[in-house]
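Let me begin by presenting the structure, written as structure tokens, before commenting on it.
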Amino acid sequence: MTFFAIAATAPLAVLITVVPAAYARGGGPLIPLTFVAVAIVLLFFAASYAAMVHRAPFAGALYAYISRGLGRPAGVAAAWLALASYLALQLGIYGVAGVAAAPLLHSWFGVEAQWWMVAAACWLIVALCGTVRVEILSGLLALLVLAEIAVAVGFGTASVIAPAGDRFAPGSILPAHPSAIDRPALGLLLAVGALAFIGFETTGTYAEETMRPRREAGYATYASIVVFALVLAFASWSVSAGAEPGQVAALARARGPELVFDLAGARLAPWAVTAGRVVLLTALIGAALALHNAIARYLYALAREHLLPAPLGRVARRTSAPRTASLTQSAIAAVALAAAYLAGVRAPSVLAHRLSVAGGLGVLVLLLATALAALLHLNRVPNGEGTWGRFLAPILSTVALGTLCYLAFWNIPSLLGVPPESALVWFVPAALTAVAGAGLVHGVLLRGARPTVYAGIGQGGNAVVVTPQVPHPRDPGAHRPERVNR
């Protein structure tokens with residue numbers, strides 16, 4: 001579960017794409033500190049998340065938790081929003097993969113491949129691997145994630161061993177004038193940091209496939225947050241050390257995603273840079289595969305509880321994988337990629353970035369709803385949790401995630417890279433609201449049309465038996481005792 005979650009967060013892709021963009025906006029030494037601060041907030045969330053997994057170790061994950069805390073209609077709305085958000089993230093990754101493969105194909109084969117060709121190849125790999133047994137798939141993702149971490153740490157170590165000017169500038173570690181920190185810029189950095197962690201919460205979707213379903217997902221959540229934070233904090237700081245704090249913003253604006261490879265190329269052999277590009281591509285495939293499996297398990301969980309067609313709730317006899325749900329998700333992604341090609345998308349970088357932001361915002365809203373659901377459910381139905389896991393951690397994570405959500409939606413123009421008057425500023429929140437609203441209507445309609453199905457929402461497919469109470473027959477004439485013996 002830990003490797004699935006880290007693969008979904010794609011730390012190397014965040015280092016290559018997000019960190020230079022943050023430096024280009026003048027984030028400076030606040031960038032590594034932002035990852036640490038967001039990790040602390042998410043560790044608060046992980047405590048309440050682990051408690052909810054212990055109560056409901058089901059493949060539906062956030063859908064099941066929100067159903068228990070905020071009600072069944074809200075749970076169905078969360079399921080719809082989760083499916084749409086993860087699909088947007090996956091499609092964004094396919095677009096980035098098409099761009100990441102271009103330098104490799106040009107240097108190795110001298111060809112200029114179109115982005116959709118690379119995306120189609122990545123889609124095929126994901127579609128084939130999505131039906132594999134989860135134990136085998138976790139081993140494959142473990143190799144990809146370890147290679148990803150090795151490249152990120154290796155590039156960072158090279159910059160630390162040979163920093164710019166052969167010395168560490170104080171400005172690469174702490175702000176020179178903390179009182180002069182731009183608060184709007186800090187808010188934007190916190191929003192970016194929160195979106196960078198999206199994917200760690202997928203641990204809960206694999207809970208019922210583990211040997212200890214009620215415990216291991218919580219441990220994996222803690223581990224994925226800590227590992228991601230440590231890797232990104234160190235690697236992002238090394239970028240400043242390698243480029244010199246006074247020059248890193250200008251270099252980031254000039255070079256963009258190539259900045260990390262430029263710093264590595266100045267200190268390492270050319271083959272190391274090429275290996276880094278290859279690992280970046282495999283990391284993107286791993287992220288798409290991890291998100292694919294999360295979506296497939298949501299489809300499986302919804303079908304098992306009869307909210308979607310029953311065939312999606314079947315598993316393969318030999319591999320125990322939700323094969324029908326996996327193939328369905330692959331078909332949906334294929335249709336979306338074909339639509340992008342037919343629509344004439346020639347440079348997918350901008351579209352991929354906006355899809356990733358939209359999907360990340362949707363998941364961030366789900367995290368806030370989960371924290372609030374944990375606060376309500378754990379205190380409404382206490383079951384042995386301590387004060388920390390039942391009350392303090394949920395309320396701290398609710399307040400902190402609420403703040404991060406506010407900052408993210410307030411900074412939507414900057415996150416999307418559009419002017420404040422752009423239609424996308426209101427279209428993205430409206431689209432997320434429409435998806436969640438459709439799910440809410442779905443849940444409300446089930447309450448009246450199919451009450452038994454409605455009662456099973458968030459129960460992991462467990463049978464819900466409703467036994468009506470039969471009234472005891474009353475003795476004849478008991479209401480008129482004077483007439484009994486007539």
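Residues in the structure tokens are numbered from 1 in each chain, the chains being A, B, ... in the order shown, and ligands are numbered from 1 in the order shown.
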
Can you check which residues of region 43-284 of chain A DSSP gives as alpha helix (DSSP H) on the backbone and send them as a PyMOL selection string?
chain A and resi 43-55+62-70+72-109+115-129+134-161+183-196+216-243+248-255+259-265+270-284

Per residue of region 139-202 of chain A within 7 Å of region 404-417 of chain A, what are the shortest atom pair and its distance in Å to one decimal, counting only C-alpha atoms, with rows by chain and residue number, as a Markdown table?
| residue | atom | partner | partner_atom | distance |
| --- | --- | --- | --- | --- |
| A:Gly187 | CA | A:Leu407 | CA | 5.8 |
| A:Leu188 | CA | A:Asn411 | CA | 6.2 |
| A:Leu190 | CA | A:Leu404 | CA | 6.9 |
| A:Ala191 | CA | A:Ala408 | CA | 4.8 |

Within 8 Å of region 3-14 of chain A, counting only C-alpha atoms, which residues show up once you throw out same-chain ones fewer than 2 positions away? Write them as a PyMOL selection string, please.
chain A and resi 1+16-19+138+141-142+144-145+148-149+151-152+196-203+221+224+228+231-232+280+283-284+286-291

Name the closest residue to Ala24 (chain A) among the candidates A:Asn462, A:Ser240, A:Gln90, A:Thr370; distances are taken between atoms, counting only C-alpha atoms.
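The shortest atom-to-atom distance to Ala24 (chain A) comes from A:Ser240.
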
Determine the nearest neighbour of Leu128 (chain A) from the options A:Ala352, A:Leu327, A:Ala56, A:Ala334, counting only C-alpha atoms.
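Of the candidates, the smallest distance to Leu128 (chain A) is held by A:Leu327.
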
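Candidate residues A:Ser326, A:Val399, A:Gly437, A:Ile31 were compared for distance to Tyr298 (chain A), and the nearest is A:Ser326, using only C-alpha atoms.
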
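For the residues A:Ala325, A:Gly71, A:Leu186, A:Val160, ranking by smallest atom-to-atom distance to Ser236 (chain A) using only C-alpha atoms places A:Val160 first.
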
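Taking CA of Arg297 (chain A) and CA of Ala59 (chain A) as endpoints, the distance between them is 5.7 Å.
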
Quick one: residues within 10 Å of Thr319 (chain A), only C-alpha atoms, excluding same-chain residues fewer than 4 positions away - as a PyMOL selection string?
chain A and resi 131-136+315+323

Selection from above, N, CA and C atoms, as a compact mmCIF listing (two decimals), in the first residue's frame, can you write it?
# COMPACT_ATOMS: atom_id res chain seq x y z
N THR A 131 -4.98 -5.51 -14.68
CA THR A 131 -5.67 -6.76 -14.39
C THR A 131 -4.78 -7.78 -13.70
N VAL A 132 -3.55 -7.37 -13.38
CA VAL A 132 -2.59 -8.29 -12.75
C VAL A 132 -2.89 -8.41 -11.25
N ARG A 133 -2.51 -9.52 -10.67
CA ARG A 133 -2.68 -9.72 -9.24
C ARG A 133 -1.98 -8.61 -8.46
N VAL A 134 -2.63 -8.14 -7.39
CA VAL A 134 -2.15 -6.95 -6.70
C VAL A 134 -0.78 -7.16 -6.06
N GLU A 135 -0.46 -8.39 -5.63
CA GLU A 135 0.86 -8.64 -5.04
C GLU A 135 1.97 -8.46 -6.06
N ILE A 136 1.73 -8.93 -7.29
CA ILE A 136 2.73 -8.76 -8.35
C ILE A 136 2.84 -7.30 -8.73
N VAL A 315 -14.70 -10.11 -9.51
CA VAL A 315 -13.24 -10.22 -9.51
C VAL A 315 -12.84 -11.44 -10.32
N ARG A 323 -11.28 -7.23 -12.45
CA ARG A 323 -10.93 -7.14 -13.87
C ARG A 323 -11.93 -6.31 -14.66

Just checking: using only C-alpha atoms, which residue out of A:Ala113, A:Leu446, A:Ala119, A:Ala158 ends up closest to Leu308 (chain A)?
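Nearest candidate to Leu308 (chain A) out of A:Ala113, A:Leu446, A:Ala119, A:Ala158: A:Leu446.
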